[in-house]
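Source file: my_file_17.txt. Holds: compact mmCIF, C-alpha atoms.
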```txt
# COMPACT_ATOMS: atom_id res chain seq x y z
CA MET A 1 1.21 0.31 12.21
CA HIS A 2 -2.49 0.98 12.24
CA GLY A 3 -4.29 1.42 15.50
CA GLY A 4 -2.60 4.69 16.40
CA PRO A 5 -4.60 7.51 17.90
CA GLU A 6 -8.21 7.93 16.85
CA VAL A 7 -7.87 11.72 16.71
CA GLY A 8 -5.62 12.62 13.81
CA ARG A 9 -5.18 9.00 12.72
CA PHE A 10 -5.45 9.91 9.03
CA GLY A 11 -2.29 11.99 9.23
CA PHE A 12 -0.54 10.25 12.11
CA GLY A 13 3.20 9.78 11.85
CA THR A 14 5.44 7.96 14.28
CA SER A 15 8.98 6.76 14.64
CA ALA A 16 10.15 3.33 15.71
CA SER A 17 13.54 1.73 15.68
CA LYS A 18 14.08 -0.94 13.02
CA LYS A 19 14.62 -3.39 15.90
CA ASP A 20 11.22 -2.50 17.40
CA TRP A 21 9.56 -2.70 14.00
CA LEU A 22 11.13 -6.09 13.22
CA GLU A 23 10.41 -7.58 16.66
CA THR A 24 7.01 -6.02 17.45
CA PHE A 25 5.12 -4.95 14.35
CA PHE A 26 6.53 -7.20 11.63
CA PRO A 27 5.83 -10.72 13.05
CA PRO A 28 2.02 -10.63 12.62
CA PHE A 29 2.41 -9.65 8.94
CA LYS A 30 5.01 -12.37 8.42
CA SER A 31 2.63 -14.90 10.01
CA CYS A 32 -0.08 -13.94 7.53
CA LEU A 33 2.34 -14.37 4.65
CA ASP A 34 3.41 -17.78 5.96
CA ALA A 35 -0.28 -18.77 6.14
CA GLY A 36 -0.75 -17.90 2.45
CA VAL A 37 -2.47 -14.51 2.54
CA GLY A 38 -3.20 -13.18 -0.94
CA GLY A 39 -3.37 -9.47 -0.19
CA TYR A 40 -2.13 -6.83 2.21
CA MET A 41 -3.56 -3.42 3.07
CA CYS A 42 -1.38 -0.40 3.72
CA SER A 43 -2.77 1.94 6.36
CA TYR A 44 -3.23 5.64 7.03
CA SER A 45 -0.20 5.97 9.28
CA ALA A 46 3.35 7.01 8.45
CA ILE A 47 6.58 5.80 10.03
CA SER A 48 10.22 6.72 10.20
CA PHE A 49 13.09 4.79 11.75
CA GLU A 50 14.85 7.91 13.00
CA GLU A 51 13.45 10.61 15.29
CA ASP A 52 14.65 13.40 12.98
CA GLN A 53 13.27 11.93 9.73
CA THR A 54 9.95 12.80 8.15
CA PRO A 55 7.64 9.79 8.55
CA VAL A 56 6.77 8.15 5.21
CA PRO A 57 3.09 7.24 4.70
CA SER A 58 2.77 3.45 4.61
CA CYS A 59 1.08 3.49 1.18
CA ALA A 60 3.96 5.52 -0.29
CA ASN A 61 6.71 3.56 1.43
CA PRO A 62 8.84 1.48 -0.94
CA TYR A 63 10.89 0.13 1.99
CA PHE A 64 7.82 -1.67 3.34
CA LEU A 65 5.87 -2.47 0.19
CA ASP A 66 8.61 -3.20 -2.34
CA TYR A 67 11.80 -4.05 -0.50
CA THR A 68 10.39 -5.87 2.55
CA LEU A 69 7.16 -7.38 1.22
CA ARG A 70 8.05 -8.15 -2.38
CA GLN A 71 11.85 -8.53 -2.48
CA ARG A 72 12.68 -9.96 0.96
CA LEU A 73 9.52 -11.99 1.54
CA ASN A 74 8.73 -12.84 -2.12
CA PHE A 75 5.09 -11.80 -1.76
CA THR A 76 3.35 -12.05 -5.13
CA GLY A 77 -0.18 -11.01 -4.16
CA TYR A 78 -1.78 -7.59 -4.30
CA VAL A 79 -1.52 -4.54 -2.05
CA VAL A 80 -4.57 -2.35 -1.48
CA GLY A 81 -4.56 1.06 0.14
CA ASP A 82 -6.97 1.50 3.04
CA CYS A 83 -9.96 3.69 2.22
CA GLY A 84 -8.66 7.22 1.87
CA ALA A 85 -5.04 6.33 2.65
CA LEU A 86 -3.74 7.28 -0.79
CA LYS A 87 -5.52 10.64 -0.71
CA PHE A 88 -4.09 11.25 2.77
CA ILE A 89 -0.53 11.02 1.37
CA PHE A 90 -1.38 14.47 -0.01
CA SER A 91 -4.19 15.90 2.10
CA GLU A 92 -3.22 14.84 5.64
CA HIS A 93 0.46 13.88 5.64
CA LYS A 94 1.39 16.64 3.17
CA TYR A 95 4.02 14.19 1.87
CA ALA A 96 2.97 14.71 -1.76
CA SER A 97 2.35 18.09 -3.37
CA SER A 98 -0.73 16.94 -5.32
CA GLU A 99 -3.15 14.07 -5.71
CA GLU A 100 -1.34 13.10 -8.92
CA GLU A 101 1.97 12.91 -7.04
CA ALA A 102 0.28 10.84 -4.31
CA ALA A 103 -0.91 8.38 -6.98
CA LEU A 104 2.59 8.22 -8.45
CA MET A 105 4.14 7.60 -5.02
CA ALA A 106 1.64 4.86 -4.20
CA ILE A 107 1.89 2.94 -7.48
CA SER A 108 5.69 3.32 -7.44
CA ALA A 109 5.89 1.98 -3.88
CA GLY A 110 3.83 -1.09 -4.81
CA VAL A 111 0.13 -0.33 -4.23
CA ASP A 112 -2.08 -2.14 -6.75
CA LEU A 113 -5.58 -1.03 -5.75
CA GLU A 114 -7.14 1.93 -4.01
CA CYS A 115 -10.14 1.53 -1.71
CA ASP A 116 -12.46 4.41 -2.53
CA CYS A 117 -15.35 4.86 -0.19
CA CYS A 118 -16.60 7.14 2.53
CA ASP A 119 -16.32 10.29 0.38
CA PHE A 120 -12.56 10.59 0.95
CA GLY A 121 -11.88 10.85 -2.78
CA ALA A 122 -9.63 8.70 -4.92
CA VAL A 123 -6.24 9.51 -6.42
CA PHE A 124 -5.81 6.50 -8.73
CA PRO A 125 -7.98 8.11 -11.45
CA ASN A 126 -4.80 10.17 -12.01
CA LEU A 127 -3.02 7.04 -13.26
CA LEU A 128 -4.27 7.56 -16.81
CA ALA A 129 -2.55 10.96 -17.00
CA LEU A 130 0.57 9.50 -15.38
CA VAL A 131 0.72 6.76 -18.02
CA GLN A 132 0.07 9.24 -20.83
CA SER A 133 2.90 11.48 -19.54
CA GLY A 134 5.29 8.52 -19.28
CA LYS A 135 5.68 8.79 -15.49
CA VAL A 136 4.08 5.34 -15.02
CA SER A 137 4.52 2.53 -17.53
CA GLU A 138 1.71 0.45 -18.94
CA ASP A 139 3.73 -2.57 -17.77
CA ARG A 140 3.37 -1.34 -14.17
CA ILE A 141 -0.41 -1.01 -14.58
CA ASN A 142 -0.54 -4.47 -16.18
CA LEU A 143 1.41 -5.91 -13.23
CA SER A 144 -1.23 -4.59 -10.84
CA LEU A 145 -4.00 -5.97 -13.05
CA MET A 146 -2.27 -9.37 -13.12
CA ARG A 147 -2.03 -9.45 -9.32
CA LEU A 148 -5.65 -8.39 -8.86
CA PHE A 149 -7.16 -10.74 -11.44
CA THR A 150 -5.01 -13.64 -10.23
CA SER A 151 -6.60 -13.18 -6.82
CA ARG A 152 -10.06 -13.06 -8.33
CA PHE A 153 -9.51 -16.28 -10.26
CA GLU A 154 -7.92 -18.03 -7.26
CA THR A 155 -10.90 -17.17 -5.05
CA GLY A 156 -13.49 -18.27 -7.62
CA MET A 157 -14.83 -14.81 -8.39
CA MET A 158 -14.57 -15.49 -12.12
CA ASP A 159 -16.23 -18.92 -12.01
CA PRO A 160 -19.60 -19.33 -13.71
CA ILE A 161 -22.64 -18.84 -11.48
CA GLY A 162 -23.52 -22.13 -9.78
CA TYR A 163 -20.07 -23.62 -10.42
CA HIS A 164 -19.45 -24.43 -6.75
```
I need this file expressed as structure tokens, please.
Amino acid sequence: MHGGPEVGRFGFGTSASKKDWLETFFPPFKSCLDAGVGGYMCSYSAISFEEDQTPVPSCANPYFLDYTLRQRLNFTGYVVGDCGALKFIFSEHKYASSEEEAALMAISAGVDLECDCCDFGAVFPNLLALVQSGKVSEDRINLSLMRLFTSRFETGMMDPIGYH
């Protein structure tokens, strides 16, 4: 649900009924999947399905990224966080208590890659400490690497220069 307000969009949270989400917001993403898209980007926004619930940032939302995208729709590609979106789990949404916790939430929800530009700051450099502490497994990191390098090979990025 990107495209919310311009002012405050980095920390924007909204609620929508599951019916509204399934009928209004979900179909374009499903169409992309049906067309063979290799990657999805989670956005800055957060959503809840109940008015009285705290909205969950899309890049920390296992309902969207793991259950819906991976389990229900069998998506095998990669998920990238929009530039700054993982940092905003902590700094704007205040959903995580630290950048390290934001990284843990994102990787646990299913994010494979963090876009780091525009001087927002990255949180995925914390993954090394999370692996060393046992909070994230090397297998989970390897799964992300497999998804990302599969995409690179499929799109010819690893082909020798002049191959095509």
Excluding A:Tyr78 and any residue of its chain fewer than 3 positions from it, enumerate the residues within 8 Å of it, using all atoms listed in the file, and give them as an MDAnalysis selection string. chainID A and resid 38:40 111:113 144 147:148 151
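Compared by their closest atoms to A:Ser17, and using only C-alpha atoms, the residues A:Asp159, A:Glu92, A:Glu50, A:Asp119 rank with A:Glu50 nearest.
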Select all residues near (1.5, 14.9, 4.5) (cut-off 12 Å, inclusive, file coordinates), counting all atoms listed in the file, and output them as a JSON list (two decimals) with C-alpha atoms, keeping the file's coordinate frame.
```
[["chain", "number", "residue", "atom", "x", "y", "z"],
["A", 8, "GLY", "CA", -5.62, 12.62, 13.81],
["A", 10, "PHE", "CA", -5.45, 9.91, 9.03],
["A", 11, "GLY", "CA", -2.29, 11.99, 9.23],
["A", 12, "PHE", "CA", -0.54, 10.25, 12.11],
["A", 13, "GLY", "CA", 3.20, 9.78, 11.85],
["A", 44, "TYR", "CA", -3.23, 5.64, 7.03],
["A", 45, "SER", "CA", -0.20, 5.97, 9.28],
["A", 46, "ALA", "CA", 3.35, 7.01, 8.45],
["A", 47, "ILE", "CA", 6.58, 5.80, 10.03],
["A", 54, "THR", "CA", 9.95, 12.80, 8.15],
["A", 55, "PRO", "CA", 7.64, 9.79, 8.55],
["A", 56, "VAL", "CA", 6.77, 8.15, 5.21],
["A", 57, "PRO", "CA", 3.09, 7.24, 4.70],
["A", 58, "SER", "CA", 2.77, 3.45, 4.61],
["A", 59, "CYS", "CA", 1.08, 3.49, 1.18],
["A", 60, "ALA", "CA", 3.96, 5.52, -0.29],
["A", 85, "ALA", "CA", -5.04, 6.33, 2.65],
["A", 86, "LEU", "CA", -3.74, 7.28, -0.79],
["A", 87, "LYS", "CA", -5.52, 10.64, -0.71],
["A", 88, "PHE", "CA", -4.09, 11.25, 2.77],
["A", 89, "ILE", "CA", -0.53, 11.02, 1.37],
["A", 90, "PHE", "CA", -1.38, 14.47, -0.01],
["A", 91, "SER", "CA", -4.19, 15.90, 2.10],
["A", 92, "GLU", "CA", -3.22, 14.84, 5.64],
["A", 93, "HIS", "CA", 0.46, 13.88, 5.64],
["A", 94, "LYS", "CA", 1.39, 16.64, 3.17],
["A", 95, "TYR", "CA", 4.02, 14.19, 1.87],
["A", 96, "ALA", "CA", 2.97, 14.71, -1.76],
["A", 97, "SER", "CA", 2.35, 18.09, -3.37],
["A", 98, "SER", "CA", -0.73, 16.94, -5.32],
["A", 99, "GLU", "CA", -3.15, 14.07, -5.71],
["A", 101, "GLU", "CA", 1.97, 12.91, -7.04],
["A", 102, "ALA", "CA", 0.28, 10.84, -4.31]]
```
So which one's closest to A:Ala129, A:Ser43, A:Glu100, A:Phe25, A:Lys18? Using only C-alpha atoms, please.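 Smallest distance to A:Ala129 is found for A:Glu100.
Nearest to A:Ala122 of all the residues A:Ala109, A:Leu69, A:Ala103, A:Ala35 is A:Ala103, counting all atoms listed in the file.
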Between atom CA of A:Gly134 and atom CA of A:Asn74 - distance in Å to one decimal: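 Separation between atom CA of A:Asn74 and atom CA of A:Gly134: 27.6 Å.
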Would you compute the distance between atom CA of A:Val37 and atom CA of A:Thr76? Give it in Å to one decimal.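 That distance, rounded to one decimal, is 9.9 Å.
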To one decimal place in Å, what is the distance between atom CA of A:Asp66 and atom CA of A:Phe120?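 According to the coordinates, atom CA of A:Asp66 and atom CA of A:Phe120 are separated by 25.5 Å.
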Given all atoms listed in the file as the basis, pick out the residue of A:Pro28, A:Met157, A:Asp116, A:Leu143 nearest to A:Gly77. A:Leu143
Taking into account all atoms listed in the file, which residue in the set A:Leu145, A:Leu104, A:Leu73, A:Ala16 is nearest to A:Lys30? A:Leu73
From A:Val123, A:Leu130, A:Leu33, A:Cys42, residue lying nearest A:Asp82 [all atoms listed in the file]: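 Between A:Val123, A:Leu130, A:Leu33, A:Cys42, the residue approaching A:Asp82 most closely is A:Cys42.
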Taking all listed atoms of stretch 110-118 of chain A, build the axis-aligned box, pad each of the six sides by 3 Å, then write its centre and edge lengths in Å to one decimal as lines of an AutoDock Vina configuration file.
```
center_x = -6.4
center_y = 2.5
center_z = -2.1
size_x = 26.4
size_y = 15.3
size_z = 15.3
```
